[in-house]
Amino acid sequence: MNTPLAEALSAVLLVAVLAWAVVRPFGWTEAVLAVPAAGIAILTGAISLDHARDEVARLGPVVGFLAAVLVLAHFCDVEGLFRACGAWMARWSRGRPVRLLTAVFALASVITAVLSLDATIVLLTPVVFATAARSGVRPKPHVYACTHLSNTASLLLPVSNLTNLLAFTASGLSFTRFAALMALPWLAAIGVEYVVFRRFFRRDLSAAAPAARDTGEEPPMPVFALVTVGCTLAGFVVTSAFGVDPAWAAAAGALVMAGRAVVRRQATPLSVVRAAAPPFLAFVLALGVVVRAVVDNGLSDALGHLLPSGSGLLALLGIAALAAVLANLINNLPAVLVLLPLAAPGGAGAVLAVLLGVNIGPNLTYAGSLATLLWRRIVHQHDEGVDLGEFTRLGLIAVPSALAVSVVALWGALRLI
């Protein structure tokens, strides 16, 4: 295929795949269009078969890691971890909206970092709705915190977000060094978000709460799940130190949790496979092929002229800002797939700056990340409206401030560590 046609076709395919992922007509999964789109790109020559194979091979280990983390998070929920978290939030906040917001920030940040942002969106958000109703407080600030922190708080560990796994591979860093460099930006971004939320939702947080409803016996804390998660995190550190792929530690944790559920007849082998979300994994691989087609047909050259070089503060700010803008234009997953090959020659600092942009930036629009789109559907299922204007106003305040502060924190961490 000649270059103009290849450019046009690959761009159309990417737009179609992303639009389908946003709308999901008839409730069909994202892979329904993404997989055929990848096939069309290959058959028409928009991407060579060798490049498509290379992209699938590059993403394969990352997708396997993601599958293991999804299984681990699902069976933590089966064990009652998130119900116990909700009971703790209600007990600690005692019907005080500000205390509940603090509890949600703390739990959502930890859950996002350790069990991935999908756990915060799919498993914690419904618990926050229930906890707010139980405590008699307005749910909006606390539910909005779930979506913002599913993006912002996913900066800490390579396992926290699919974008992190991709950046981790490109950075050449060990698991512990990645976490050490991102710890300060993670704390800084969460701190800025908390201040913004306290001011933006001050009316909701100052509303008087009625007496909390007694819902009976408190659920027990699932010690087995907590121990397994703790051992899995330790496994990430150990495997990384010995040069072993941390995916093996994730697979071991998932196997332990899933095996226990199967033995106790809380799950079947088929439900374990479903917990890994095979359609979503197929979507990620297919999207990677489509994005590679766009990159091969000119996008890489165009962005290469815009991407700042170097590891100075201004360069890092420019890289993060470009990544944030691109994430809101084409979604953060395609954005990171496009930008990482361009940023990698600049070293770990440039790669991590891209990560700051694609993780914090999506809080500006609904289409910025798949997690935000999924959160919106969950909110609608609970009969809670999401106002586009309010969501955008909050993002316009939170995103630039959190991004700027976190980039400064990254610049400092790169010089201290």
# chains A, B, ... in the order shown; residues from 1 in each chain; ligands from 1
>>> closest_atom_pairs(of="region 226-333 of chain A", to="region 44-65 of chain A", cutoff="7 Å", atoms="only C-alpha atoms", output="tab-separated table")
residue	atom	partner	partner_atom	distance
A:Ala247	CA	A:Phe65	CA	4.9
A:Ala250	CA	A:Phe65	CA	6.6
A:Leu281	CA	A:Val63	CA	6.2
A:Leu285	CA	A:Val56	CA	6.0
A:Gly288	CA	A:Glu55	CA	6.6
A:Val289	CA	A:Ala52	CA	5.6
A:Ala293	CA	A:Ile47	CA	4.9
>>> write_last_selection(atoms="N, CA and C atoms", output="PDB file, in the first residue's frame")
ATOM      1  N   ALA A 247       6.546 -11.059  36.461  1.00  0.00           N
ATOM      2  CA  ALA A 247       5.286 -11.710  36.095  1.00  0.00           C
ATOM      3  C   ALA A 247       5.154 -13.072  36.764  1.00  0.00           C
ATOM      4  N   ALA A 250       3.603 -12.450  40.100  1.00  0.00           N
ATOM      5  CA  ALA A 250       2.176 -12.160  39.932  1.00  0.00           C
ATOM      6  C   ALA A 250       1.399 -13.431  39.643  1.00  0.00           C
ATOM      7  N   LEU A 281      -7.703  -8.496  27.095  1.00  0.00           N
ATOM      8  CA  LEU A 281      -6.318  -8.797  26.749  1.00  0.00           C
ATOM      9  C   LEU A 281      -6.142  -8.830  25.232  1.00  0.00           C
ATOM     10  N   LEU A 285      -3.697  -6.327  22.747  1.00  0.00           N
ATOM     11  CA  LEU A 285      -2.782  -6.784  21.703  1.00  0.00           C
ATOM     12  C   LEU A 285      -3.168  -6.211  20.339  1.00  0.00           C
ATOM     13  N   GLY A 288      -2.386  -2.557  20.097  1.00  0.00           N
ATOM     14  CA  GLY A 288      -0.956  -2.368  19.890  1.00  0.00           C
ATOM     15  C   GLY A 288      -0.564  -2.474  18.429  1.00  0.00           C
ATOM     16  N   VAL A 289      -1.171  -3.421  17.720  1.00  0.00           N
ATOM     17  CA  VAL A 289      -0.878  -3.587  16.296  1.00  0.00           C
ATOM     18  C   VAL A 289      -1.383  -2.375  15.500  1.00  0.00           C
ATOM     19  N   ALA A 293       0.795   0.447  13.413  1.00  0.00           N
ATOM     20  CA  ALA A 293       0.558   0.826  12.022  1.00  0.00           C
ATOM     21  C   ALA A 293       0.558   2.347  11.859  1.00  0.00           C
TER      22      ALA A 293
END
>>> residues_around(residues="Ala350 (chain A)", least_positions_apart="4", cutoff="8 Å", atoms="only C-alpha atoms", output="list in words")
Gly310, Ser311, Leu316, Ile319, Ala343, Ala344, Gly346 and Val354 of chain A
>>> write_last_selection(atoms="N, CA, C and O atoms", output="short mmCIF file (atom, residue, chain, number, x, y, z; two decimals), in the first residue's frame")
data_model
loop_
_atom_site.label_atom_id
_atom_site.label_comp_id
_atom_site.auth_asym_id
_atom_site.auth_seq_id
_atom_site.Cartn_x
_atom_site.Cartn_y
_atom_site.Cartn_z
N GLY A 310 16.46 15.56 26.38
CA GLY A 310 17.16 15.89 27.61
C GLY A 310 16.39 15.45 28.84
O GLY A 310 15.25 14.98 28.76
N SER A 311 17.03 15.64 30.00
CA SER A 311 16.41 15.24 31.27
C SER A 311 16.34 16.40 32.25
O SER A 311 16.18 16.20 33.45
N LEU A 316 11.52 17.68 30.93
CA LEU A 316 10.58 16.73 31.55
C LEU A 316 9.16 17.30 31.58
O LEU A 316 8.18 16.57 31.34
N ILE A 319 7.79 17.00 28.01
CA ILE A 319 7.45 15.60 27.67
C ILE A 319 6.14 15.20 28.34
O ILE A 319 5.25 14.61 27.72
N ALA A 343 10.73 8.24 23.47
CA ALA A 343 11.31 8.75 24.72
C ALA A 343 12.44 7.87 25.25
O ALA A 343 13.34 8.36 25.94
N ALA A 344 12.40 6.58 24.95
CA ALA A 344 13.37 5.64 25.52
C ALA A 344 14.83 6.03 25.30
O ALA A 344 15.65 5.89 26.22
N GLY A 346 16.10 8.82 25.45
CA GLY A 346 16.42 9.89 26.39
C GLY A 346 16.66 9.41 27.81
O GLY A 346 16.97 10.21 28.69
N VAL A 354 6.88 10.63 30.48
CA VAL A 354 5.77 10.20 29.64
C VAL A 354 4.70 9.54 30.50
O VAL A 354 3.49 9.79 30.35
#
>>> closest_atom_pairs(of="region 318-394 of chain A", to="region 399-403 of chain A", cutoff="9 Å", atoms="only C-alpha atoms", output="tab-separated table")
residue	atom	partner	partner_atom	distance
A:Ala320	CA	A:Leu403	CA	7.5
A:Ala321	CA	A:Leu403	CA	7.9
A:Ala324	CA	A:Leu403	CA	8.8
A:Leu356	CA	A:Leu403	CA	6.9
A:Gly357	CA	A:Leu403	CA	7.0
A:Ile360	CA	A:Val399	CA	6.3
A:Gly361	CA	A:Val399	CA	5.9
A:Pro362	CA	A:Val399	CA	8.2
A:Asn363	CA	A:Val399	CA	6.5
A:Leu364	CA	A:Val399	CA	6.5
A:Leu394	CA	A:Val399	CA	8.3
>>> write_last_selection(atoms="N, CA and C atoms", output="PDB file, in the first residue's frame")
ATOM      1  N   ALA A 320       6.006  15.515  29.640  1.00  0.00           N
ATOM      2  CA  ALA A 320       4.791  15.150  30.377  1.00  0.00           C
ATOM      3  C   ALA A 320       3.571  15.865  29.812  1.00  0.00           C
ATOM      4  N   ALA A 321       3.728  17.144  29.460  1.00  0.00           N
ATOM      5  CA  ALA A 321       2.597  17.905  28.911  1.00  0.00           C
ATOM      6  C   ALA A 321       2.157  17.333  27.565  1.00  0.00           C
ATOM      7  N   ALA A 324       0.285  14.136  28.173  1.00  0.00           N
ATOM      8  CA  ALA A 324      -1.060  14.377  28.709  1.00  0.00           C
ATOM      9  C   ALA A 324      -2.024  14.810  27.609  1.00  0.00           C
ATOM     10  N   LEU A 356       4.031   9.998  33.684  1.00  0.00           N
ATOM     11  CA  LEU A 356       3.299  11.005  34.449  1.00  0.00           C
ATOM     12  C   LEU A 356       2.207  11.641  33.588  1.00  0.00           C
ATOM     13  N   GLY A 357       2.547  11.950  32.346  1.00  0.00           N
ATOM     14  CA  GLY A 357       1.572  12.585  31.466  1.00  0.00           C
ATOM     15  C   GLY A 357       0.399  11.688  31.134  1.00  0.00           C
ATOM     16  N   ILE A 360      -1.697  10.932  34.715  1.00  0.00           N
ATOM     17  CA  ILE A 360      -2.403  12.051  35.350  1.00  0.00           C
ATOM     18  C   ILE A 360      -3.297  12.769  34.341  1.00  0.00           C
ATOM     19  N   GLY A 361      -2.828  12.909  33.111  1.00  0.00           N
ATOM     20  CA  GLY A 361      -3.565  13.641  32.084  1.00  0.00           C
ATOM     21  C   GLY A 361      -4.981  13.166  31.834  1.00  0.00           C
ATOM     22  N   PRO A 362      -5.267  11.835  31.856  1.00  0.00           N
ATOM     23  CA  PRO A 362      -6.618  11.368  31.548  1.00  0.00           C
ATOM     24  C   PRO A 362      -7.708  11.852  32.491  1.00  0.00           C
ATOM     25  N   ASN A 363      -7.369  12.451  33.605  1.00  0.00           N
ATOM     26  CA  ASN A 363      -8.410  12.976  34.495  1.00  0.00           C
ATOM     27  C   ASN A 363      -9.088  14.223  33.921  1.00  0.00           C
ATOM     28  N   LEU A 364      -8.630  14.667  32.773  1.00  0.00           N
ATOM     29  CA  LEU A 364      -9.206  15.868  32.172  1.00  0.00           C
ATOM     30  C   LEU A 364     -10.472  15.571  31.376  1.00  0.00           C
ATOM     31  N   LEU A 394     -13.255  20.193  37.162  1.00  0.00           N
ATOM     32  CA  LEU A 394     -12.389  19.566  38.164  1.00  0.00           C
ATOM     33  C   LEU A 394     -11.058  19.166  37.537  1.00  0.00           C
TER      34      LEU A 394
END
>>> residues_around(residues="Val71 (chain A)", least_positions_apart="2", cutoff="9 Å", atoms="only C-alpha atoms", output="ChimeraX atom specification")
/A:66-69,73-76,251,253-255,257-258,272-277
>>> write_last_selection(atoms="N, CA, C and O atoms", output="CSV table (one decimal), in the first residue's frame")
chain,number,residue,atom,x,y,z
A,66,LEU,N,-0.6,-8.5,33.2
A,66,LEU,CA,-1.9,-7.9,33.5
A,66,LEU,C,-3.0,-9.0,33.8
A,66,LEU,O,-3.7,-8.8,34.8
A,67,ALA,N,-3.0,-10.1,33.1
A,67,ALA,CA,-3.9,-11.1,33.4
A,67,ALA,C,-3.8,-11.7,34.8
A,67,ALA,O,-4.8,-11.9,35.5
A,68,ALA,N,-2.5,-11.9,35.2
A,68,ALA,CA,-2.3,-12.4,36.6
A,68,ALA,C,-2.8,-11.4,37.6
A,68,ALA,O,-3.4,-11.8,38.7
A,69,VAL,N,-2.5,-10.1,37.4
A,69,VAL,CA,-3.0,-9.1,38.4
A,69,VAL,C,-4.5,-9.0,38.5
A,69,VAL,O,-5.1,-8.8,39.6
A,73,ALA,N,-6.7,-9.6,41.9
A,73,ALA,CA,-7.6,-8.6,42.4
A,73,ALA,C,-9.0,-9.2,42.5
A,73,ALA,O,-9.7,-9.0,43.5
A,74,HIS,N,-9.4,-10.0,41.5
A,74,HIS,CA,-10.8,-10.5,41.5
A,74,HIS,C,-11.0,-11.5,42.7
A,74,HIS,O,-12.0,-11.4,43.4
A,75,PHE,N,-10.0,-12.3,43.0
A,75,PHE,CA,-10.2,-13.2,44.1
A,75,PHE,C,-9.9,-12.6,45.5
A,75,PHE,O,-10.3,-13.2,46.5
A,76,CYS,N,-9.2,-11.5,45.5
A,76,CYS,CA,-9.2,-10.7,46.7
A,76,CYS,C,-10.6,-10.2,47.1
A,76,CYS,O,-11.1,-10.2,48.2
A,251,ALA,N,2.0,-14.3,38.8
A,251,ALA,CA,1.3,-15.6,38.5
A,251,ALA,C,1.2,-16.5,39.7
A,251,ALA,O,0.1,-17.1,39.9
A,253,GLY,N,1.0,-15.5,42.9
A,253,GLY,CA,-0.1,-14.9,43.8
A,253,GLY,C,-1.5,-15.2,43.2
A,253,GLY,O,-2.4,-15.6,44.0
A,254,ALA,N,-1.6,-15.0,41.9
A,254,ALA,CA,-2.9,-15.3,41.3
A,254,ALA,C,-3.3,-16.8,41.4
A,254,ALA,O,-4.4,-17.1,41.7
A,255,LEU,N,-2.3,-17.7,41.2
A,255,LEU,CA,-2.5,-19.1,41.3
A,255,LEU,C,-3.0,-19.5,42.8
A,255,LEU,O,-3.9,-20.3,43.0
A,257,MET,N,-4.5,-17.6,45.1
A,257,MET,CA,-5.8,-17.1,45.4
A,257,MET,C,-6.9,-17.8,44.6
A,257,MET,O,-7.9,-18.2,45.1
A,258,ALA,N,-6.6,-18.1,43.3
A,258,ALA,CA,-7.6,-18.8,42.5
A,258,ALA,C,-7.7,-20.2,42.9
A,258,ALA,O,-8.8,-20.8,43.0
A,272,VAL,N,-12.2,-18.6,36.7
A,272,VAL,CA,-10.8,-18.1,36.8
A,272,VAL,C,-10.3,-17.5,35.5
A,272,VAL,O,-9.7,-16.4,35.4
A,273,VAL,N,-10.6,-18.2,34.4
A,273,VAL,CA,-10.3,-17.7,33.1
A,273,VAL,C,-11.0,-16.4,32.8
A,273,VAL,O,-10.4,-15.4,32.3
A,274,ARG,N,-12.3,-16.3,33.1
A,274,ARG,CA,-13.1,-15.1,32.9
A,274,ARG,C,-12.5,-13.9,33.8
A,274,ARG,O,-12.5,-12.8,33.3
A,275,ALA,N,-12.0,-14.2,34.9
A,275,ALA,CA,-11.4,-13.2,35.8
A,275,ALA,C,-10.2,-12.5,35.1
A,275,ALA,O,-9.9,-11.3,35.4
A,276,ALA,N,-9.5,-13.2,34.3
A,276,ALA,CA,-8.4,-12.7,33.5
A,276,ALA,C,-8.8,-11.8,32.4
A,276,ALA,O,-7.9,-11.1,31.8
A,277,ALA,N,-10.1,-11.7,32.1
A,277,ALA,CA,-10.6,-10.8,31.1
A,277,ALA,C,-10.0,-11.0,29.7
A,277,ALA,O,-9.4,-10.1,29.1
>>> residues_around(residues="Ile378 (chain A)", least_positions_apart="4", cutoff="10 Å", atoms="only C-alpha atoms", output="list of chain:residue names")
A:Ile121, A:Val122, A:Thr125, A:Pro126, A:Thr372, A:Leu373, A:Leu374, A:His382, A:Asp383, A:Glu384
>>> atom_distance(atom1="CA of Phe391 (chain A)", atom2="CA of Gly86 (chain A)")
24.6 Å
>>> closest_residue(among="A:Met89, A:Ala106, A:Arg99, A:Ala327", to="Arg134 (chain A)", atoms="only C-alpha atoms")
A:Met89
>>> closest_residue(among="A:Val229, A:Ala335, A:Ala302, A:Val294", to="Ala8 (chain A)", atoms="only C-alpha atoms")
A:Val294
>>> residues_around(residues="region 196-210 of chain A", least_positions_apart="6", cutoff="9 Å", atoms="only C-alpha atoms", output="PyMOL selection string")
chain A and resi 95-98+101+135-141+145+394+397-398
>>> closest_residue(among="A:Leu124, A:Leu18, A:Leu233, A:Leu414", to="Trp248 (chain A)", atoms="only C-alpha atoms")
A:Leu233
>>> decode(residues="region 125-136 of chain A", atoms="all heavy atoms", output="compact mmCIF listing (two decimals), in the first residue's frame")
# COMPACT_ATOMS: atom_id res chain seq x y z
N THR A 125 -15.20 1.21 43.70
CA THR A 125 -16.22 2.23 43.46
C THR A 125 -17.60 1.81 43.99
O THR A 125 -18.26 2.60 44.67
CB THR A 125 -16.30 2.59 41.97
OG1 THR A 125 -15.03 3.07 41.52
CG2 THR A 125 -17.34 3.67 41.72
N PRO A 126 -18.09 0.60 43.70
CA PRO A 126 -19.37 0.19 44.29
C PRO A 126 -19.35 0.17 45.82
O PRO A 126 -20.36 0.49 46.46
CB PRO A 126 -19.60 -1.22 43.72
CG PRO A 126 -18.79 -1.26 42.47
CD PRO A 126 -17.57 -0.43 42.77
N VAL A 127 -18.22 -0.19 46.39
CA VAL A 127 -18.10 -0.19 47.86
C VAL A 127 -18.19 1.23 48.40
O VAL A 127 -18.81 1.47 49.44
CB VAL A 127 -16.77 -0.86 48.28
CG1 VAL A 127 -16.50 -0.65 49.77
CG2 VAL A 127 -16.80 -2.34 47.95
N VAL A 128 -17.60 2.19 47.69
CA VAL A 128 -17.67 3.59 48.13
C VAL A 128 -19.10 4.10 48.06
O VAL A 128 -19.55 4.82 48.96
CB VAL A 128 -16.72 4.45 47.26
CG1 VAL A 128 -16.97 5.94 47.51
CG2 VAL A 128 -15.27 4.12 47.57
N PHE A 129 -19.84 3.74 47.02
CA PHE A 129 -21.26 4.09 46.95
C PHE A 129 -22.00 3.57 48.18
O PHE A 129 -22.76 4.30 48.83
CB PHE A 129 -21.89 3.51 45.69
CG PHE A 129 -21.90 4.44 44.52
CD1 PHE A 129 -21.14 4.16 43.39
CD2 PHE A 129 -22.67 5.59 44.52
CE1 PHE A 129 -21.15 5.00 42.30
CE2 PHE A 129 -22.69 6.45 43.42
CZ PHE A 129 -21.92 6.15 42.31
N ALA A 130 -21.78 2.30 48.49
CA ALA A 130 -22.48 1.69 49.62
C ALA A 130 -22.05 2.33 50.94
O ALA A 130 -22.88 2.55 51.83
CB ALA A 130 -22.20 0.18 49.65
N THR A 131 -20.78 2.65 51.07
CA THR A 131 -20.29 3.25 52.31
C THR A 131 -20.85 4.66 52.50
O THR A 131 -21.22 5.05 53.61
CB THR A 131 -18.75 3.30 52.30
OG1 THR A 131 -18.23 1.98 52.10
CG2 THR A 131 -18.21 3.86 53.60
N ALA A 132 -20.93 5.43 51.41
CA ALA A 132 -21.51 6.77 51.50
C ALA A 132 -22.97 6.70 51.92
O ALA A 132 -23.43 7.49 52.75
CB ALA A 132 -21.36 7.49 50.16
N ALA A 133 -23.73 5.76 51.32
CA ALA A 133 -25.14 5.60 51.71
C ALA A 133 -25.26 5.17 53.17
O ALA A 133 -26.12 5.67 53.91
CB ALA A 133 -25.80 4.57 50.80
N ARG A 134 -24.38 4.29 53.60
CA ARG A 134 -24.40 3.81 54.98
C ARG A 134 -24.06 4.94 55.95
O ARG A 134 -24.62 5.03 57.04
CB ARG A 134 -23.39 2.67 55.12
CG ARG A 134 -23.22 2.13 56.53
CD ARG A 134 -22.17 1.04 56.53
NE ARG A 134 -21.98 0.49 57.86
CZ ARG A 134 -21.11 -0.47 58.14
NH1 ARG A 134 -20.37 -0.98 57.17
NH2 ARG A 134 -21.00 -0.92 59.37
N SER A 135 -23.14 5.82 55.53
CA SER A 135 -22.71 6.91 56.41
C SER A 135 -23.61 8.13 56.30
O SER A 135 -23.47 9.07 57.09
CB SER A 135 -21.27 7.31 56.07
OG SER A 135 -20.39 6.21 56.18
N GLY A 136 -24.50 8.15 55.30
CA GLY A 136 -25.42 9.28 55.15
C GLY A 136 -24.77 10.52 54.58
O GLY A 136 -25.23 11.64 54.84
